[in-house]
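Reproduced below: query36.cif, with mmCIF, C-alpha atoms.
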data_entry
loop_
_atom_site.label_atom_id
_atom_site.label_comp_id
_atom_site.auth_asym_id
_atom_site.auth_seq_id
_atom_site.Cartn_x
_atom_site.Cartn_y
_atom_site.Cartn_z
CA MET T 8 120.98 38.75 90.48
CA LYS T 9 124.19 38.70 88.49
CA ASN T 10 127.28 40.49 89.69
CA THR T 11 127.11 42.95 86.74
CA ASP T 12 123.49 43.80 87.64
CA LYS T 13 124.54 44.61 91.21
CA ILE T 14 127.27 46.94 89.94
CA LEU T 15 124.83 48.69 87.60
CA VAL T 16 122.28 49.13 90.42
CA ALA T 17 125.03 50.52 92.69
CA ILE T 18 126.11 53.01 90.01
CA VAL T 19 122.53 54.18 89.41
CA LEU T 20 121.89 54.55 93.15
CA GLY T 21 125.16 56.48 93.52
CA VAL T 22 124.13 58.89 90.75
CA VAL T 23 120.68 59.39 92.32
CA VAL T 24 122.26 60.13 95.72
CA LEU T 25 124.70 62.63 94.16
CA VAL T 26 121.90 64.43 92.32
CA GLY T 27 119.88 64.57 95.54
CA VAL T 28 122.82 66.02 97.47
CA ALA T 29 123.42 68.61 94.73
CA PHE T 30 119.77 69.73 94.87
CA ALA T 31 119.84 69.88 98.67
CA ILE T 32 122.94 72.08 98.63
CA ALA T 33 121.49 74.37 95.96
CA LEU T 34 118.17 74.78 97.77
CA THR T 35 119.66 75.44 101.21
CA ARG T 36 122.17 78.10 100.08
CA PRO T 37 121.42 81.41 101.79
CA LYS T 38 119.97 84.15 99.63
CA PRO T 39 122.17 87.24 99.17
CA ALA T 40 121.33 89.87 101.76
CA TYR T 41 121.91 93.58 102.07
CA GLN T 42 124.49 94.76 104.58
CA SER T 43 124.74 97.81 106.81
CA ASN T 44 125.02 101.16 105.03
CA LYS T 45 127.40 102.42 107.71
CA THR T 46 130.56 101.12 106.01
CA ALA T 47 132.06 101.67 102.56
CA GLU T 48 132.14 97.89 102.06
CA GLY T 49 128.45 97.62 102.91
CA VAL T 50 127.46 100.39 100.50
CA ALA T 51 129.53 98.89 97.66
CA HIS T 52 128.03 95.44 98.36
CA ASN T 53 124.49 96.84 98.52
CA TYR T 54 124.88 98.81 95.27
CA LEU T 55 126.11 95.74 93.39
CA LEU T 56 123.42 93.50 94.89
CA ALA T 57 120.71 96.03 94.02
CA ILE T 58 122.00 96.17 90.41
CA GLN T 59 122.01 92.36 90.19
CA GLN T 60 118.46 92.18 91.56
CA ASN T 61 117.22 95.02 89.31
CA ASP T 62 116.37 97.07 92.40
CA TYR T 63 117.32 100.27 90.58
CA GLU T 64 115.71 102.64 93.09
CA ARG T 65 117.95 101.27 95.83
CA ALA T 66 121.04 101.24 93.58
CA TYR T 67 120.41 104.87 92.57
CA SER T 68 120.28 105.91 96.23
CA TYR T 69 123.93 104.84 96.67
CA LEU T 70 125.28 107.17 93.96
CA SER T 71 126.83 110.47 94.93
CA PRO T 72 125.06 113.52 93.49
CA THR T 73 128.55 115.03 93.06
CA ILE T 74 129.28 112.73 90.10
CA PRO T 75 129.77 115.05 87.09
CA GLY T 76 127.16 113.25 84.95
CA TYR T 77 124.88 112.26 87.84
CA PRO T 78 121.56 110.98 86.43
CA SER T 79 119.00 113.67 87.26
CA ASP T 80 116.35 111.20 88.43
CA LEU T 81 115.58 107.49 88.81
CA ASP T 82 114.07 107.22 85.30
CA LYS T 83 117.25 108.65 83.76
CA PHE T 84 119.35 106.23 85.87
CA ILE T 85 117.32 103.25 84.64
CA GLN T 86 117.50 104.52 81.07
CA ASP T 87 121.30 104.80 81.34
CA ILE T 88 121.59 101.25 82.68
CA GLU T 89 119.34 99.82 79.97
CA ARG T 90 121.16 101.73 77.22
CA HIS T 91 124.55 100.51 78.52
CA SER T 92 123.40 97.08 79.72
CA TYR T 93 126.65 95.41 78.58
CA TYR T 94 128.33 97.05 81.62
CA PHE T 95 125.79 95.48 83.96
CA LYS T 96 124.66 92.14 82.51
CA SER T 97 126.73 89.05 81.80
CA GLY T 98 124.87 87.62 78.82
CA GLY T 99 123.04 84.90 80.72
CA GLU T 100 126.16 83.69 82.51
CA SER T 101 126.16 83.24 86.26
CA VAL T 102 128.10 85.93 88.14
CA SER T 103 129.31 86.04 91.73
CA LEU T 104 130.48 89.31 93.32
CA GLU T 105 132.41 89.42 96.58
CA VAL T 106 133.80 92.42 98.47
CA LEU T 107 137.42 91.57 99.25
CA SER T 108 138.80 94.60 101.08
CA SER T 109 138.65 98.33 101.51
CA HIS T 110 141.10 101.14 101.99
CA VAL T 111 139.76 104.21 103.78
CA THR T 112 141.66 107.50 103.90
CA GLY T 113 139.76 110.29 105.60
CA ASN T 114 136.41 110.68 103.85
CA ARG T 115 137.45 108.62 100.78
CA ALA T 116 137.40 104.85 100.34
CA THR T 117 138.29 102.32 97.68
CA VAL T 118 136.59 98.93 97.88
CA LYS T 119 138.09 96.00 95.99
CA VAL T 120 135.54 93.53 94.59
CA ARG T 121 136.10 90.10 93.04
CA LYS T 122 133.89 89.19 90.08
CA THR T 123 133.65 85.53 89.09
CA VAL T 124 131.84 84.64 85.87
CA PHE T 125 130.83 81.02 85.45
CA HIS T 126 130.67 79.88 81.83
CA GLN T 127 128.28 77.11 80.89
CA GLY T 128 129.87 74.45 78.78
CA ASP T 129 129.38 70.79 78.24
CA LEU T 130 129.92 68.25 80.98
CA PHE T 131 133.71 68.45 80.79
CA ASN T 132 134.14 72.02 79.56
CA SER T 133 132.65 74.36 82.17
CA SER T 134 134.91 77.13 83.37
CA GLU T 135 135.08 80.33 85.34
CA ARG T 136 136.86 83.65 84.91
CA THR T 137 137.83 85.80 87.87
CA SER T 138 138.77 89.47 87.90
CA THR T 139 138.83 92.29 90.43
CA PHE T 140 137.65 95.87 90.20
CA ASP T 141 137.49 98.93 92.44
CA VAL T 142 134.54 100.96 93.66
CA SER T 143 135.35 104.49 94.83
CA LEU T 144 133.29 106.16 97.55
CA HIS T 145 133.30 109.33 99.63
CA TYR T 146 131.70 110.25 102.93
CA PRO T 147 130.32 113.77 102.66
CA SER T 148 129.74 115.40 106.03
CA LYS T 149 126.32 116.76 105.10
CA SER T 150 124.66 113.45 104.18
CA GLY T 151 126.44 111.30 106.76
CA GLU T 152 126.48 108.26 104.42
CA TRP T 153 129.01 106.67 102.12
CA LYS T 154 128.21 107.43 98.47
CA ILE T 155 129.67 105.88 95.32
CA THR T 156 131.63 108.24 93.08
CA ASP T 157 133.13 105.82 90.53
CA SER T 158 133.58 102.17 89.68
CA ASP T 159 135.66 100.17 87.23
CA THR T 160 132.63 98.08 86.30
CA TYR T 161 128.86 98.09 86.94
CA TRP T 162 129.12 101.74 85.97
CA VAL T 163 128.11 103.89 83.01
CA TYR T 164 131.24 105.80 82.03
CA CYS T 165 129.38 108.86 80.73
CA TRP T 166 128.41 109.52 84.37
CA ASN T 167 132.02 110.71 84.74
CA SER T 168 131.44 113.39 82.08
CA SER T 169 129.97 116.78 82.92
CA ASN T 170 127.68 116.32 79.88
CA GLY T 171 126.32 113.08 81.36
CA CYS T 172 124.76 110.44 79.13
CA ARG T 173 122.84 111.52 76.08
#

Translate this file's structure into structure tokens.
Amino acid sequence: MKNTDKILVAIVLGVVVLVGVAFAIALTRPKPAYQSNKTAEGVAHNYLLAIQQNDYERAYSYLSPTIPGYPSDLDKFIQDIERHSYYFKSGGESVSLEVLSSHVTGNRATVKVRKTVFHQGDLFNSSERTSTFDVSLHYPSKSGEWKITDSDTYWVYCWNSSNGCR
């Protein structure tokens, strides 16, 4: 075998090994899991995960009924999300959400979340965009659970209006 053939075989084998490693890493990554509902961070995480997984019944259960435009039932909640899907979907791009921190004062909490959007490009032009947003929660004494009252994203803004969404 010529020296150039050996180099070509080595390159091809190297590429095959790299592809195999990439698949192994992708397949062994843990699936996102729900956290405990006992903390504000856990409720914020669970709400966002439920939205991402289209588990709208679970997501709806994390909203506070004290929101001025609280959707009256699950069907209305789903209808609001579908009508305002641009607040919830990323147009086919891959999105990663991570709870960074929380600040609790009495029965109120603010949870800071990092959103990373991965843009598909060509081989040398892929990129990502990172931003942060807040999720506001309160802990009403009668329910004994943290409930979401507002969010900077993954939220339908007409929920903040006493007229609700129309």

Counting only C-alpha atoms, which of T:Tyr164, T:Phe140, T:Phe84, T:Tyr146 gets nearest to Asn61 (chain T)?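 Among the listed residues, T:Phe84 lies closest to Asn61 (chain T).
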
Give as a PyMOL selection string each residue that has an atom at most 12 Å from (133.9, 91.4, 98.6) in the file, counting only C-alpha atoms. chain T and resi 42+47-53+55-56+103-109+117-123+138-142

I need the residue nearest Trp153 (chain T) from this list: T:Val111, T:Val22, T:Val102, T:Val16. Use only C-alpha atoms for the distance.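 Of T:Val111, T:Val22, T:Val102, T:Val16, the one nearest Trp153 (chain T), counting only C-alpha atoms, is T:Val111.
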
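With all atoms listed in the file as the atoms that count, the residue of T:Ser92, T:Cys165, T:Gly171, T:Thr160 with the shortest distance to Tyr54 (chain T) is T:Thr160.
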
Would you please work out which residue, of T:Ile74, T:Lys96, T:Ser143, T:His126, is nearest to Asn167 (chain T) when using all atoms listed in the file?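 The shortest atom-to-atom distance to Asn167 (chain T) comes from T:Ile74.
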
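Taking CA of Gly113 (chain T) and CA of Tyr63 (chain T) as endpoints, the distance between them is 28.8 Å.
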
Around (132.8, 106.4, 94.9) in the file's own coordinates, what residues are found within 6 Å if you use all atoms listed in the file, given back as a list in words?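 Answer for this query, in the requested form: Val142, Ser143, Leu144, His145, Lys154, Ile155, Thr156 and Asp157 of chain T.
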
Take CA of Val163 (chain T) and CA of Arg65 (chain T) and report the distance between them in Å, one decimal.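 For CA of Val163 (chain T) relative to CA of Arg65 (chain T), the distance reads 16.6 Å.
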
So what do you get for CA of Ser71 (chain T) versus CA of Tyr161 (chain T), distance-wise?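 We find that CA of Ser71 (chain T) and CA of Tyr161 (chain T) lie 14.9 Å from each other.
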
Could you model N, CA and C atoms for region 147-162 of chain T and present them as a PDB file, keeping the file's coordinate frame?
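Below is the file that was written, out.pdb:
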ATOM      1  N   PRO T 147     130.533 112.332 102.467  1.00  0.00           N
ATOM      2  CA  PRO T 147     130.320 113.770 102.660  1.00  0.00           C
ATOM      3  C   PRO T 147     129.718 114.047 104.031  1.00  0.00           C
ATOM      4  N   SER T 148     130.190 115.100 104.664  1.00  0.00           N
ATOM      5  CA  SER T 148     129.740 115.400 106.030  1.00  0.00           C
ATOM      6  C   SER T 148     128.260 115.756 106.090  1.00  0.00           C
ATOM      7  N   LYS T 149     127.720 116.338 105.022  1.00  0.00           N
ATOM      8  CA  LYS T 149     126.320 116.760 105.100  1.00  0.00           C
ATOM      9  C   LYS T 149     125.322 115.609 105.029  1.00  0.00           C
ATOM     10  N   SER T 150     125.623 114.547 104.269  1.00  0.00           N
ATOM     11  CA  SER T 150     124.660 113.450 104.180  1.00  0.00           C
ATOM     12  C   SER T 150     124.897 112.390 105.263  1.00  0.00           C
ATOM     13  N   GLY T 151     126.142 112.275 105.726  1.00  0.00           N
ATOM     14  CA  GLY T 151     126.440 111.300 106.760  1.00  0.00           C
ATOM     15  C   GLY T 151     126.378 109.861 106.292  1.00  0.00           C
ATOM     16  N   GLU T 152     126.501 109.627 104.973  1.00  0.00           N
ATOM     17  CA  GLU T 152     126.480 108.260 104.420  1.00  0.00           C
ATOM     18  C   GLU T 152     127.557 108.131 103.355  1.00  0.00           C
ATOM     19  N   TRP T 153     128.089 106.939 103.221  1.00  0.00           N
ATOM     20  CA  TRP T 153     129.010 106.670 102.120  1.00  0.00           C
ATOM     21  C   TRP T 153     128.223 106.716 100.816  1.00  0.00           C
ATOM     22  N   LYS T 154     128.818 107.345  99.794  1.00  0.00           N
ATOM     23  CA  LYS T 154     128.210 107.430  98.470  1.00  0.00           C
ATOM     24  C   LYS T 154     129.237 107.027  97.420  1.00  0.00           C
ATOM     25  N   ILE T 155     128.786 106.361  96.387  1.00  0.00           N
ATOM     26  CA  ILE T 155     129.670 105.880  95.320  1.00  0.00           C
ATOM     27  C   ILE T 155     129.935 107.002  94.333  1.00  0.00           C
ATOM     28  N   THR T 156     131.233 107.198  94.020  1.00  0.00           N
ATOM     29  CA  THR T 156     131.630 108.240  93.080  1.00  0.00           C
ATOM     30  C   THR T 156     132.174 107.689  91.768  1.00  0.00           C
ATOM     31  N   ASP T 157     132.574 106.414  91.744  1.00  0.00           N
ATOM     32  CA  ASP T 157     133.130 105.820  90.530  1.00  0.00           C
ATOM     33  C   ASP T 157     133.269 104.321  90.741  1.00  0.00           C
ATOM     34  N   SER T 158     133.352 103.608  89.627  1.00  0.00           N
ATOM     35  CA  SER T 158     133.580 102.170  89.680  1.00  0.00           C
ATOM     36  C   SER T 158     134.201 101.726  88.365  1.00  0.00           C
ATOM     37  N   ASP T 159     135.026 100.701  88.432  1.00  0.00           N
ATOM     38  CA  ASP T 159     135.660 100.170  87.230  1.00  0.00           C
ATOM     39  C   ASP T 159     134.694  99.327  86.401  1.00  0.00           C
ATOM     40  N   THR T 160     133.651  98.857  87.001  1.00  0.00           N
ATOM     41  CA  THR T 160     132.630  98.080  86.300  1.00  0.00           C
ATOM     42  C   THR T 160     131.292  98.277  87.016  1.00  0.00           C
ATOM     43  N   TYR T 161     130.214  97.819  86.429  1.00  0.00           N
ATOM     44  CA  TYR T 161     128.860  98.090  86.940  1.00  0.00           C
ATOM     45  C   TYR T 161     128.661  99.610  87.048  1.00  0.00           C
ATOM     46  N   TRP T 162     129.088 100.285  85.984  1.00  0.00           N
ATOM     47  CA  TRP T 162     129.120 101.740  85.970  1.00  0.00           C
ATOM     48  C   TRP T 162     128.960 102.202  84.536  1.00  0.00           C
TER      49      TRP T 162
END
